[in-house]
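As stored in target_14.cif (mmCIF, C-alpha atoms, pLDDT in the B column; chains and numbers go by the auth columns):
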```cif
data_protein
#
loop_
_atom_site.group_PDB
_atom_site.id
_atom_site.type_symbol
_atom_site.label_atom_id
_atom_site.label_comp_id
_atom_site.label_asym_id
_atom_site.label_seq_id
_atom_site.Cartn_x
_atom_site.Cartn_y
_atom_site.Cartn_z
_atom_site.B_iso_or_equiv
_atom_site.auth_seq_id
_atom_site.auth_asym_id
ATOM 1 C CA MET A 1 -8.854 4.102 0.888 94.00 246 A
ATOM 2 C CA ASP A 2 -9.491 3.904 4.672 96.00 247 A
ATOM 3 C CA PRO A 3 -9.929 7.614 5.413 96.00 248 A
ATOM 4 C CA GLY A 4 -8.919 7.669 9.069 94.00 249 A
ATOM 5 C CA PRO A 5 -8.566 10.697 11.348 94.00 250 A
ATOM 6 C CA ARG A 6 -7.468 13.968 9.695 92.00 251 A
ATOM 7 C CA SER A 7 -7.675 12.570 6.155 93.00 252 A
ATOM 8 C CA LEU A 8 -9.305 15.730 4.829 91.00 253 A
ATOM 9 C CA VAL A 9 -6.669 17.889 6.522 92.00 254 A
ATOM 10 C CA ALA A 10 -3.892 15.712 5.075 90.00 255 A
ATOM 11 C CA MET A 11 -5.356 16.110 1.569 90.00 256 A
ATOM 12 C CA ALA A 12 -5.487 19.884 1.981 90.00 257 A
ATOM 13 C CA LYS A 13 -1.873 20.014 3.195 88.00 258 A
ATOM 14 C CA SER A 14 -0.530 17.648 0.546 86.00 259 A
ATOM 15 C CA CYS A 15 1.829 19.044 -2.069 82.00 260 A
ATOM 16 C CA PRO A 16 0.385 19.077 -4.643 83.00 261 A
ATOM 17 C CA ARG A 17 -2.972 19.522 -2.914 88.00 262 A
ATOM 18 C CA LEU A 18 -5.402 16.627 -3.311 90.00 263 A
ATOM 19 C CA ASP A 19 -8.893 17.827 -4.234 93.00 264 A
ATOM 20 C CA PRO A 20 -11.639 15.667 -2.624 92.00 265 A
ATOM 21 C CA LEU A 21 -14.105 16.895 -5.271 92.00 266 A
ATOM 22 C CA LYS A 22 -12.115 14.855 -7.790 92.00 267 A
ATOM 23 C CA LEU A 23 -12.402 11.563 -5.929 93.00 268 A
ATOM 24 C CA ASP A 24 -13.956 8.699 -7.904 93.00 269 A
ATOM 25 C CA ALA A 25 -14.403 6.313 -4.985 96.00 270 A
ATOM 26 C CA LEU A 26 -13.900 5.735 -1.279 97.00 271 A
ATOM 27 C CA LEU A 27 -12.859 2.253 -0.174 97.00 272 A
ATOM 28 C CA LEU A 28 -13.403 1.389 3.491 97.00 273 A
ATOM 29 C CA THR A 29 -11.843 -1.934 4.483 97.00 274 A
ATOM 30 C CA HIS A 30 -13.311 -2.111 7.992 97.00 275 A
ATOM 31 C CA ARG A 31 -15.111 -0.170 10.684 96.00 276 A
ATOM 32 C CA HIS A 32 -12.323 0.490 13.200 96.00 277 A
ATOM 33 C CA ILE A 33 -12.017 4.187 13.920 95.00 278 A
ATOM 34 C CA ASP A 34 -8.396 4.546 12.789 95.00 279 A
ATOM 35 C CA HIS A 35 -9.554 3.443 9.333 96.00 280 A
ATOM 36 C CA SER A 36 -13.020 4.993 9.133 97.00 281 A
ATOM 37 C CA ASN A 37 -13.043 8.235 11.117 96.00 282 A
ATOM 38 C CA ASP A 38 -13.287 10.625 8.138 97.00 283 A
ATOM 39 C CA ILE A 39 -15.425 8.479 5.830 97.00 284 A
ATOM 40 C CA ASN A 40 -18.534 10.668 6.203 97.00 285 A
ATOM 41 C CA ILE A 41 -16.545 13.872 5.824 96.00 286 A
ATOM 42 C CA LEU A 42 -15.011 12.652 2.586 97.00 287 A
ATOM 43 C CA ILE A 43 -18.333 11.382 1.231 97.00 288 A
ATOM 44 C CA GLU A 44 -19.695 14.896 1.733 96.00 289 A
ATOM 45 C CA ALA A 45 -16.586 16.382 0.117 95.00 290 A
ATOM 46 C CA MET A 46 -16.609 13.972 -2.851 96.00 291 A
ATOM 47 C CA THR A 47 -20.274 14.752 -3.570 96.00 292 A
ATOM 48 C CA ASN A 48 -20.089 18.496 -2.852 94.00 293 A
ATOM 49 C CA ARG A 49 -22.256 18.035 0.263 93.00 294 A
ATOM 50 C CA GLY A 50 -24.656 15.859 -1.673 93.00 295 A
ATOM 51 C CA LYS A 51 -25.269 18.403 -4.416 94.00 296 A
ATOM 52 C CA ASP A 52 -23.468 16.278 -7.021 94.00 297 A
ATOM 53 C CA LYS A 53 -24.548 12.622 -7.027 94.00 298 A
ATOM 54 C CA ARG A 54 -21.249 11.055 -7.954 93.00 299 A
ATOM 55 C CA GLY A 55 -18.593 8.591 -6.836 94.00 300 A
ATOM 56 C CA CYS A 56 -18.714 5.142 -5.322 95.00 301 A
ATOM 57 C CA VAL A 57 -18.397 4.003 -1.697 97.00 302 A
ATOM 58 C CA LEU A 58 -17.346 0.391 -1.037 97.00 303 A
ATOM 59 C CA ALA A 59 -17.457 -1.090 2.456 97.00 304 A
ATOM 60 C CA PRO A 60 -18.174 -4.359 4.334 97.00 305 A
ATOM 61 C CA LEU A 61 -21.677 -4.975 5.606 96.00 306 A
ATOM 62 C CA ASP A 62 -20.874 -4.324 9.258 93.00 307 A
ATOM 63 C CA CYS A 63 -19.846 -0.751 8.390 96.00 308 A
ATOM 64 C CA LEU A 64 -23.485 -0.166 7.419 95.00 309 A
ATOM 65 C CA GLU A 65 -25.500 -2.265 9.861 92.00 310 A
ATOM 66 C CA GLU A 66 -26.239 -1.670 13.549 81.00 311 A
ATOM 67 C CA ASP A 67 -24.073 1.130 14.980 88.00 312 A
ATOM 68 C CA PRO A 68 -22.867 2.044 11.469 94.00 313 A
ATOM 69 C CA VAL A 69 -19.761 4.082 10.733 97.00 314 A
ATOM 70 C CA VAL A 70 -21.217 5.228 7.382 97.00 315 A
ATOM 71 C CA LEU A 71 -24.137 7.377 8.499 96.00 316 A
ATOM 72 C CA ARG A 72 -27.498 6.558 6.989 95.00 317 A
ATOM 73 C CA TYR A 73 -28.403 10.081 5.921 94.00 318 A
ATOM 74 C CA ILE A 74 -25.304 10.328 3.753 96.00 319 A
ATOM 75 C CA ARG A 75 -25.739 7.064 1.831 96.00 320 A
ATOM 76 C CA SER A 76 -27.884 8.697 -0.857 96.00 321 A
ATOM 77 C CA PHE A 77 -25.117 11.180 -1.715 97.00 322 A
ATOM 78 C CA PRO A 78 -22.807 8.879 -3.773 96.00 323 A
ATOM 79 C CA GLU A 79 -23.827 7.550 -7.150 95.00 324 A
ATOM 80 C CA LYS A 80 -23.249 4.011 -5.900 94.00 325 A
ATOM 81 C CA MET A 81 -22.871 2.120 -2.610 96.00 326 A
ATOM 82 C CA GLU A 82 -21.379 -1.361 -2.897 96.00 327 A
ATOM 83 C CA LEU A 83 -20.788 -4.111 -0.319 96.00 328 A
ATOM 84 C CA LEU A 84 -17.377 -5.735 0.002 97.00 329 A
ATOM 85 C CA LYS A 85 -17.654 -9.522 0.157 96.00 330 A
ATOM 86 C CA GLU A 86 -15.233 -12.444 0.289 95.00 331 A
ATOM 87 C CA LYS A 87 -13.364 -13.387 -2.912 94.00 332 A
ATOM 88 C CA THR A 88 -15.182 -10.899 -5.142 96.00 333 A
ATOM 89 C CA THR A 89 -13.863 -8.696 -7.960 96.00 334 A
ATOM 90 C CA TYR A 90 -14.881 -5.036 -8.181 96.00 335 A
ATOM 91 C CA SER A 91 -14.444 -2.319 -10.794 93.00 336 A
ATOM 92 C CA ILE A 92 -14.318 1.373 -9.979 89.00 337 A
ATOM 93 C CA HIS A 93 -15.809 3.278 -12.926 81.00 338 A
ATOM 94 C CA SER A 94 -14.006 0.884 -15.315 80.00 339 A
ATOM 95 C CA LYS A 95 -10.735 2.551 -14.292 81.00 340 A
ATOM 96 C CA LEU A 96 -9.434 0.200 -11.621 90.00 341 A
ATOM 97 C CA GLN A 97 -10.158 -3.393 -10.678 94.00 342 A
ATOM 98 C CA PHE A 98 -9.483 -5.059 -7.354 95.00 343 A
ATOM 99 C CA ARG A 99 -10.346 -8.357 -5.684 95.00 344 A
ATOM 100 C CA THR A 100 -10.975 -9.274 -2.068 95.00 345 A
ATOM 101 C CA SER A 101 -9.522 -12.282 -0.237 93.00 346 A
ATOM 102 C CA ILE A 102 -10.981 -14.710 2.236 93.00 347 A
ATOM 103 C CA ARG A 103 -12.067 -12.961 5.426 94.00 348 A
ATOM 104 C CA HIS A 104 -9.199 -12.004 7.701 95.00 349 A
ATOM 105 C CA GLU A 105 -8.971 -12.906 11.385 94.00 350 A
ATOM 106 C CA HIS A 106 -9.850 -9.582 12.971 95.00 351 A
ATOM 107 C CA PRO A 107 -12.567 -8.496 15.428 93.00 352 A
ATOM 108 C CA VAL A 108 -14.566 -6.921 12.577 95.00 353 A
ATOM 109 C CA GLU A 109 -15.209 -7.890 8.951 95.00 354 A
ATOM 110 C CA THR A 110 -12.259 -7.155 6.673 96.00 355 A
ATOM 111 C CA TYR A 111 -10.403 -8.590 3.651 94.00 356 A
ATOM 112 C CA ARG A 112 -7.210 -8.174 1.705 92.00 357 A
ATOM 113 C CA ILE A 113 -7.473 -5.683 -1.183 95.00 358 A
ATOM 114 C CA TYR A 114 -5.749 -6.976 -4.315 92.00 359 A
ATOM 115 C CA PHE A 115 -5.380 -4.353 -7.067 93.00 360 A
ATOM 116 C CA LEU A 116 -5.301 -5.838 -10.565 90.00 361 A
ATOM 117 C CA LEU A 117 -3.091 -3.731 -12.825 88.00 362 A
ATOM 118 C CA PRO A 118 -2.223 -4.683 -16.438 84.00 363 A
ATOM 119 C CA GLU A 119 1.365 -5.635 -15.638 81.00 364 A
ATOM 120 C CA SER A 120 1.474 -6.138 -11.878 84.00 365 A
ATOM 121 C CA GLN A 121 -0.512 -7.181 -8.844 90.00 366 A
ATOM 122 C CA ILE A 122 -0.569 -5.019 -5.732 94.00 367 A
ATOM 123 C CA SER A 123 -1.740 -6.698 -2.539 94.00 368 A
ATOM 124 C CA HIS A 124 -2.664 -4.644 0.512 95.00 369 A
ATOM 125 C CA MET A 125 -2.685 -6.929 3.563 95.00 370 A
ATOM 126 C CA ILE A 126 -5.163 -5.179 5.836 94.00 371 A
ATOM 127 C CA ASP A 127 -5.271 -5.756 9.615 95.00 372 A
ATOM 128 C CA THR A 128 -5.300 -9.432 10.579 95.00 373 A
ATOM 129 C CA ALA A 129 -3.802 -12.006 12.877 94.00 374 A
ATOM 130 C CA TYR A 130 -1.589 -14.603 11.230 93.00 375 A
ATOM 131 C CA PHE A 131 -3.547 -17.774 10.415 91.00 376 A
ATOM 132 C CA ASP A 132 -3.201 -20.881 8.267 89.00 377 A
ATOM 133 C CA GLY A 133 -4.274 -20.069 4.719 88.00 378 A
ATOM 134 C CA LEU A 134 -3.536 -16.360 4.967 90.00 379 A
ATOM 135 C CA LEU A 135 -0.732 -16.448 2.404 89.00 380 A
ATOM 136 C CA GLU A 136 -2.596 -18.408 -0.263 86.00 381 A
ATOM 137 C CA ASP A 137 -4.363 -15.241 -1.415 81.00 382 A
ATOM 138 C CA TYR A 138 -1.101 -13.265 -1.508 86.00 383 A
ATOM 139 C CA LYS A 139 1.293 -15.622 -3.278 84.00 384 A
ATOM 140 C CA ASN A 140 1.222 -13.764 -6.628 85.00 385 A
ATOM 141 C CA ALA A 141 1.793 -10.272 -5.236 91.00 386 A
ATOM 142 C CA ASP A 142 4.385 -8.199 -7.083 93.00 387 A
ATOM 143 C CA ILE A 143 4.010 -5.330 -4.625 95.00 388 A
ATOM 144 C CA LEU A 144 2.943 -6.020 -1.030 96.00 389 A
ATOM 145 C CA ILE A 145 1.674 -3.380 1.388 96.00 390 A
ATOM 146 C CA LEU A 146 1.842 -4.963 4.816 97.00 391 A
ATOM 147 C CA HIS A 147 0.302 -3.766 8.094 97.00 392 A
ATOM 148 C CA VAL A 148 2.823 -4.446 10.872 97.00 393 A
ATOM 149 C CA VAL A 149 1.387 -3.069 14.090 96.00 394 A
ATOM 150 C CA ARG A 150 3.448 -4.927 16.703 95.00 395 A
ATOM 151 C CA TYR A 151 7.195 -5.404 17.122 96.00 396 A
ATOM 152 C CA GLU A 152 6.844 -8.745 18.879 92.00 397 A
ATOM 153 C CA ASN A 153 4.153 -11.204 19.902 84.00 398 A
ATOM 154 C CA ARG A 154 3.304 -10.889 23.588 81.00 399 A
ATOM 155 C CA ASN A 155 0.480 -13.416 23.728 74.00 400 A
ATOM 156 C CA ASP A 156 -1.512 -11.085 21.481 80.00 401 A
ATOM 157 C CA ARG A 157 -4.443 -13.388 20.738 79.00 402 A
ATOM 158 C CA ALA A 158 -5.089 -13.992 24.433 76.00 403 A
ATOM 159 C CA LYS A 159 -5.265 -10.219 24.836 80.00 404 A
ATOM 160 C CA GLY A 160 -7.701 -9.867 21.947 82.00 405 A
ATOM 161 C CA ILE A 161 -5.081 -8.302 19.662 85.00 406 A
ATOM 162 C CA TYR A 162 -5.423 -9.511 16.072 93.00 407 A
ATOM 163 C CA HIS A 163 -2.535 -7.809 14.272 94.00 408 A
ATOM 164 C CA LEU A 164 0.719 -8.891 12.644 95.00 409 A
ATOM 165 C CA ASN A 165 4.099 -8.484 14.293 95.00 410 A
ATOM 166 C CA LEU A 166 7.596 -8.210 12.839 97.00 411 A
ATOM 167 C CA ASP A 167 8.229 -11.985 12.955 95.00 412 A
ATOM 168 C CA ASN A 168 4.992 -12.520 11.004 95.00 413 A
ATOM 169 C CA ALA A 169 6.146 -9.952 8.460 96.00 414 A
ATOM 170 C CA ARG A 170 9.500 -11.697 8.064 96.00 415 A
ATOM 171 C CA GLU A 171 7.813 -15.056 7.388 95.00 416 A
ATOM 172 C CA ILE A 172 5.312 -13.496 4.956 95.00 417 A
ATOM 173 C CA ILE A 173 8.001 -11.721 2.931 96.00 418 A
ATOM 174 C CA LYS A 174 10.227 -14.823 2.846 95.00 419 A
ATOM 175 C CA THR A 175 7.332 -16.943 1.575 94.00 420 A
ATOM 176 C CA ILE A 176 5.825 -14.567 -0.985 94.00 421 A
ATOM 177 C CA ARG A 177 9.029 -12.788 -2.060 95.00 422 A
ATOM 178 C CA PRO A 178 7.319 -9.815 -3.722 95.00 423 A
ATOM 179 C CA ARG A 179 9.387 -7.391 -5.770 95.00 424 A
ATOM 180 C CA VAL A 180 8.919 -4.778 -3.053 96.00 425 A
ATOM 181 C CA THR A 181 7.210 -4.740 0.334 97.00 426 A
ATOM 182 C CA VAL A 182 6.031 -1.570 2.055 98.00 427 A
ATOM 183 C CA LEU A 183 5.595 -1.874 5.812 98.00 428 A
ATOM 184 C CA THR A 184 2.973 0.435 7.311 97.00 429 A
ATOM 185 C CA HIS A 185 0.343 0.900 10.063 97.00 430 A
ATOM 186 C CA PHE A 186 2.901 0.951 12.886 97.00 431 A
ATOM 187 C CA GLY A 187 1.979 0.785 16.546 95.00 432 A
ATOM 188 C CA MET A 188 4.119 2.326 19.256 95.00 433 A
ATOM 189 C CA THR A 189 6.344 -0.745 19.711 95.00 434 A
ATOM 190 C CA MET A 190 7.275 -0.591 16.008 97.00 435 A
ATOM 191 C CA LEU A 191 7.798 3.160 16.018 97.00 436 A
ATOM 192 C CA GLN A 192 10.105 2.914 19.029 97.00 437 A
ATOM 193 C CA LYS A 193 12.305 0.448 17.104 97.00 438 A
ATOM 194 C CA LYS A 194 12.559 2.802 14.073 98.00 439 A
ATOM 195 C CA PRO A 195 10.691 1.076 11.194 98.00 440 A
ATOM 196 C CA TRP A 196 13.088 2.335 8.519 97.00 441 A
ATOM 197 C CA ILE A 197 15.933 0.499 10.252 98.00 442 A
ATOM 198 C CA LEU A 198 13.847 -2.669 10.645 98.00 443 A
ATOM 199 C CA ALA A 199 12.892 -2.511 6.953 98.00 444 A
ATOM 200 C CA GLN A 200 16.535 -2.269 5.904 98.00 445 A
ATOM 201 C CA GLN A 201 17.414 -5.211 8.157 97.00 446 A
ATOM 202 C CA LEU A 202 14.698 -7.300 6.504 98.00 447 A
ATOM 203 C CA SER A 203 15.949 -6.278 3.058 97.00 448 A
ATOM 204 C CA ASP A 204 19.482 -7.372 3.935 97.00 449 A
ATOM 205 C CA GLU A 205 18.344 -10.608 5.573 97.00 450 A
ATOM 206 C CA ILE A 206 15.829 -11.790 2.935 97.00 451 A
ATOM 207 C CA GLY A 207 17.354 -10.247 -0.189 96.00 452 A
ATOM 208 C CA VAL A 208 14.245 -8.409 -1.398 95.00 453 A
ATOM 209 C CA ASP A 209 13.360 -4.721 -1.303 96.00 454 A
ATOM 210 C CA VAL A 210 11.563 -3.741 1.918 98.00 455 A
ATOM 211 C CA LYS A 211 10.584 -0.161 2.699 97.00 456 A
ATOM 212 C CA ALA A 212 8.977 1.526 5.705 98.00 457 A
ATOM 213 C CA ALA A 213 6.111 3.868 4.848 97.00 458 A
ATOM 214 C CA SER A 214 6.127 7.487 5.960 93.00 459 A
ATOM 215 C CA ASP A 215 3.585 10.284 5.711 87.00 460 A
ATOM 216 C CA GLY A 216 3.325 11.606 2.151 84.00 461 A
ATOM 217 C CA MET A 217 5.350 8.721 0.714 90.00 462 A
ATOM 218 C CA THR A 218 4.747 7.788 -2.925 90.00 463 A
ATOM 219 C CA LEU A 219 5.806 4.609 -4.708 91.00 464 A
ATOM 220 C CA ASP A 220 6.601 4.442 -8.424 89.00 465 A
ATOM 221 C CA VAL A 221 4.907 1.193 -9.370 86.00 466 A
ATOM 222 C CA GLY A 222 6.654 1.238 -12.747 85.00 467 A
ATOM 223 C CA GLU A 223 10.000 0.593 -11.069 86.00 468 A
ATOM 224 C CA TYR A 224 8.814 -2.870 -10.051 82.00 469 A
ATOM 225 C CA LEU A 225 7.169 -4.126 -13.241 75.00 470 A
#
```
Kindly present the structure from the file in structure tokens form.
Amino acid sequence: MDPGPRSLVAMAKSCPRLDPLKLDALLLTHRHIDHSNDINILIEAMTNRGKDKRGCVLAPLDCLEEDPVVLRYIRSFPEKMELLKEKTTYSIHSKLQFRTSIRHEHPVETYRIYFLLPESQISHMIDTAYFDGLLEDYKNADILILHVVRYENRNDRAKGIYHLNLDNAREIIKTIRPRVTVLTHFGMTMLQKKPWILAQQLSDEIGVDVKAASDGMTLDVGEYL
């Protein structure tokens, strides 16, 4: 999901090592470079440089149109290419289902990704500004993965910045009250304030489990069923 810069290197350095030849699918939520940089590299890796027609690539339309981030020559390599659309349910090789939300407020096309597991619902709130109606699609989340780029709002919309800040995150967690929230996608203002400390403060204030993501972090979903 969202193979940004150095994704292939991170897979190779992971312990245990993650083999890109064993990927079933690549899910690209939007075209911004920090999310899409390694998409073509991983398509080549997943398909053994196009020798094995396998796997699925899912992406919004504007990742494939004019000035595409998924290169045209490589689109014949996967077994299947599928467009992400608003409020649509998808199945990846009958192994995993997820649903998209209404379109987020962001400079490019993107949606929430809502994984439908047998006993829980995992919502990944991709990049967006806060807007009326945002939380309606998230209200049943058991596990919430939340992109918190900014520490505070400094007239962000006027500057063309469409990301959530810490106050937005606080309001979202208070309203939804998921079993656990994982904060991630930190910008410099969040990193300078030490996200793991901010997460603990939110946990203490709201009374729900809030964690700050870190490289290589894993989450045992079973703990929150």
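Residues surrounding Arg399 of chain A within 12 Å are Arg395, Tyr396, Arg402, Ala403, Lys404, Gly405, Ile406, Tyr407, His408, Leu409, Asn410, Leu411, Asp412 and Thr434 of chain A [all atoms listed in the file; sequence separation below 3 positions excluded].
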Taking all atoms listed in the file into account, which of A:Ala444, A:Ala304, A:Ile421, A:Ala414 comes nearest Asn385 of chain A?
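Answer, going by the shortest atom-to-atom distance: A:Ile421.
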Care to translate the PyMOL selection byres ((chain A and resi 342) around 10) into actual residues of this file, as a list of chain:residue names?
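With the shown file as input, the PyMOL selection byres ((chain A and resi 342) around 10) matches A:Thr334, A:Tyr335, A:Ser336, A:Ile337, A:His338, A:Ser339, A:Lys340, A:Leu341, A:Phe343, A:Arg344, A:Tyr359, A:Phe360, A:Leu361, A:Leu362, A:Pro363.
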Given the selection you just returned, output its residues as a file containing C-alpha atoms, formatted as a tab-separated table (two decimals), in the frame of the given file.
```tsv
chain	number	residue	atom	x	y	z
A	334	THR	CA	-13.86	-8.70	-7.96
A	335	TYR	CA	-14.88	-5.04	-8.18
A	336	SER	CA	-14.44	-2.32	-10.79
A	337	ILE	CA	-14.32	1.37	-9.98
A	338	HIS	CA	-15.81	3.28	-12.93
A	339	SER	CA	-14.01	0.88	-15.32
A	340	LYS	CA	-10.74	2.55	-14.29
A	341	LEU	CA	-9.43	0.20	-11.62
A	343	PHE	CA	-9.48	-5.06	-7.35
A	344	ARG	CA	-10.35	-8.36	-5.68
A	359	TYR	CA	-5.75	-6.98	-4.32
A	360	PHE	CA	-5.38	-4.35	-7.07
A	361	LEU	CA	-5.30	-5.84	-10.56
A	362	LEU	CA	-3.09	-3.73	-12.82
A	363	PRO	CA	-2.22	-4.68	-16.44
```
For this file, the PyMOL selection byres ((chain A and resi 291-296) around 6) selects which residues, as a list in words?
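Selected by the PyMOL selection byres ((chain A and resi 291-296) around 6) in this file: Pro265, Leu266, Leu268, Leu287, Ile288, Glu289, Ala290, Asp297, Lys298, Arg299 and Phe322 of chain A.
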Can you translate the PyMOL selection byres ((chain A and resi 280) around 12) into the concrete residues it hits in this file, as number ranges by chain?
A: 246-252, 271-279, 281-285, 304, 308, 314-315, 353, 355, 371-372, 430
List the spatial neighbours of Pro423 of chain A as a short mmCIF file (atom, residue, chain, number, x, y, z; two decimals) with C-alpha atoms, keeping the file's coordinate frame - criterion: any atom at most 9 Å away, all atoms listed in the file, same-chain residues fewer than 3 positions off excluded.
```
data_model
loop_
_atom_site.label_atom_id
_atom_site.label_comp_id
_atom_site.auth_asym_id
_atom_site.auth_seq_id
_atom_site.Cartn_x
_atom_site.Cartn_y
_atom_site.Cartn_z
CA LYS A 384 1.29 -15.62 -3.28
CA ASN A 385 1.22 -13.76 -6.63
CA ALA A 386 1.79 -10.27 -5.24
CA ASP A 387 4.38 -8.20 -7.08
CA ILE A 388 4.01 -5.33 -4.62
CA LEU A 389 2.94 -6.02 -1.03
CA ILE A 418 8.00 -11.72 2.93
CA LYS A 419 10.23 -14.82 2.85
CA THR A 420 7.33 -16.94 1.58
CA THR A 426 7.21 -4.74 0.33
CA VAL A 453 14.24 -8.41 -1.40
CA ASP A 454 13.36 -4.72 -1.30
#
```
Need the neighbours of (6.0, 0.8, -9.9): which residues are at most 10 Å away, counting only C-alpha atoms, as a PyMOL selection string?
chain A and resi 364-365+367+387-388+424-425+463-470
Surrounding residues of Ser346 of chain A excluding itself and chain neighbours under 6 positions, 6 Å, all atoms listed in the file, as a list in words
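My reading of the contact set: Glu331, Lys332, Tyr356 and Arg357 of chain A.
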Could you work out an axis-aligned box for segment 286-290 of chain A, taking every atom the file lists and adding 3 Å on each side, and report centre and edge lengths in Å to one decimal, as AutoDock Vina command-line options?
```
--center_x -17.4 --center_y 13.9 --center_z 3.0 --size_x 10.7 --size_y 11.0 --size_z 11.7
```
Atom CA of Ala374 of chain A to atom CA of Ile347 of chain A, distance in Å rounded to a single decimal
13.1 Å
Record the distance separating atom CA of Val302 of chain A and atom CA of Leu316 of chain A, expressed in Å with one decimal.
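Atom CA of Leu316 of chain A lies at a distance of 12.2 Å from atom CA of Val302 of chain A.
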As an exercise, work out the distance from atom CA of Ser459 of chain A to atom CA of Glu381 of chain A in Å and give it to one decimal place.
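Taking atom CA of Ser459 of chain A as the start and atom CA of Glu381 of chain A as the end point, the length is 28.0 Å.
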May I have the residues within 7 Å of Val427 of chain A as an MDAnalysis selection string, using only C-alpha atoms and disregarding those fewer than 6 positions away in the same chain?
chainID A and resid 389:391 455:458
Compare A:Glu450, A:Glu416, A:Asp377, A:Asp460 by their minimum atom-to-atom distance to Lys258 of chain A, counting only C-alpha atoms, and give me the closest one.
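Among A:Glu450, A:Glu416, A:Asp377, A:Asp460, it is A:Asp460 that comes nearest to Lys258 of chain A.
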Polymer residues at most 8 Å from Met433 of chain A, all atoms listed in the file, same-chain spacing of 2 or more positions, as an mmCIF file with C-alpha atoms, in the frame of the given file:
```cif
data_model
loop_
_atom_site.group_PDB
_atom_site.id
_atom_site.type_symbol
_atom_site.label_atom_id
_atom_site.label_comp_id
_atom_site.auth_asym_id
_atom_site.auth_seq_id
_atom_site.Cartn_x
_atom_site.Cartn_y
_atom_site.Cartn_z
ATOM 1 C CA VAL A 394 1.387 -3.069 14.090
ATOM 2 C CA ARG A 395 3.448 -4.927 16.703
ATOM 3 C CA PHE A 431 2.901 0.951 12.886
ATOM 4 C CA MET A 435 7.275 -0.591 16.008
ATOM 5 C CA LEU A 436 7.798 3.160 16.018
ATOM 6 C CA GLN A 437 10.105 2.914 19.029
#
```
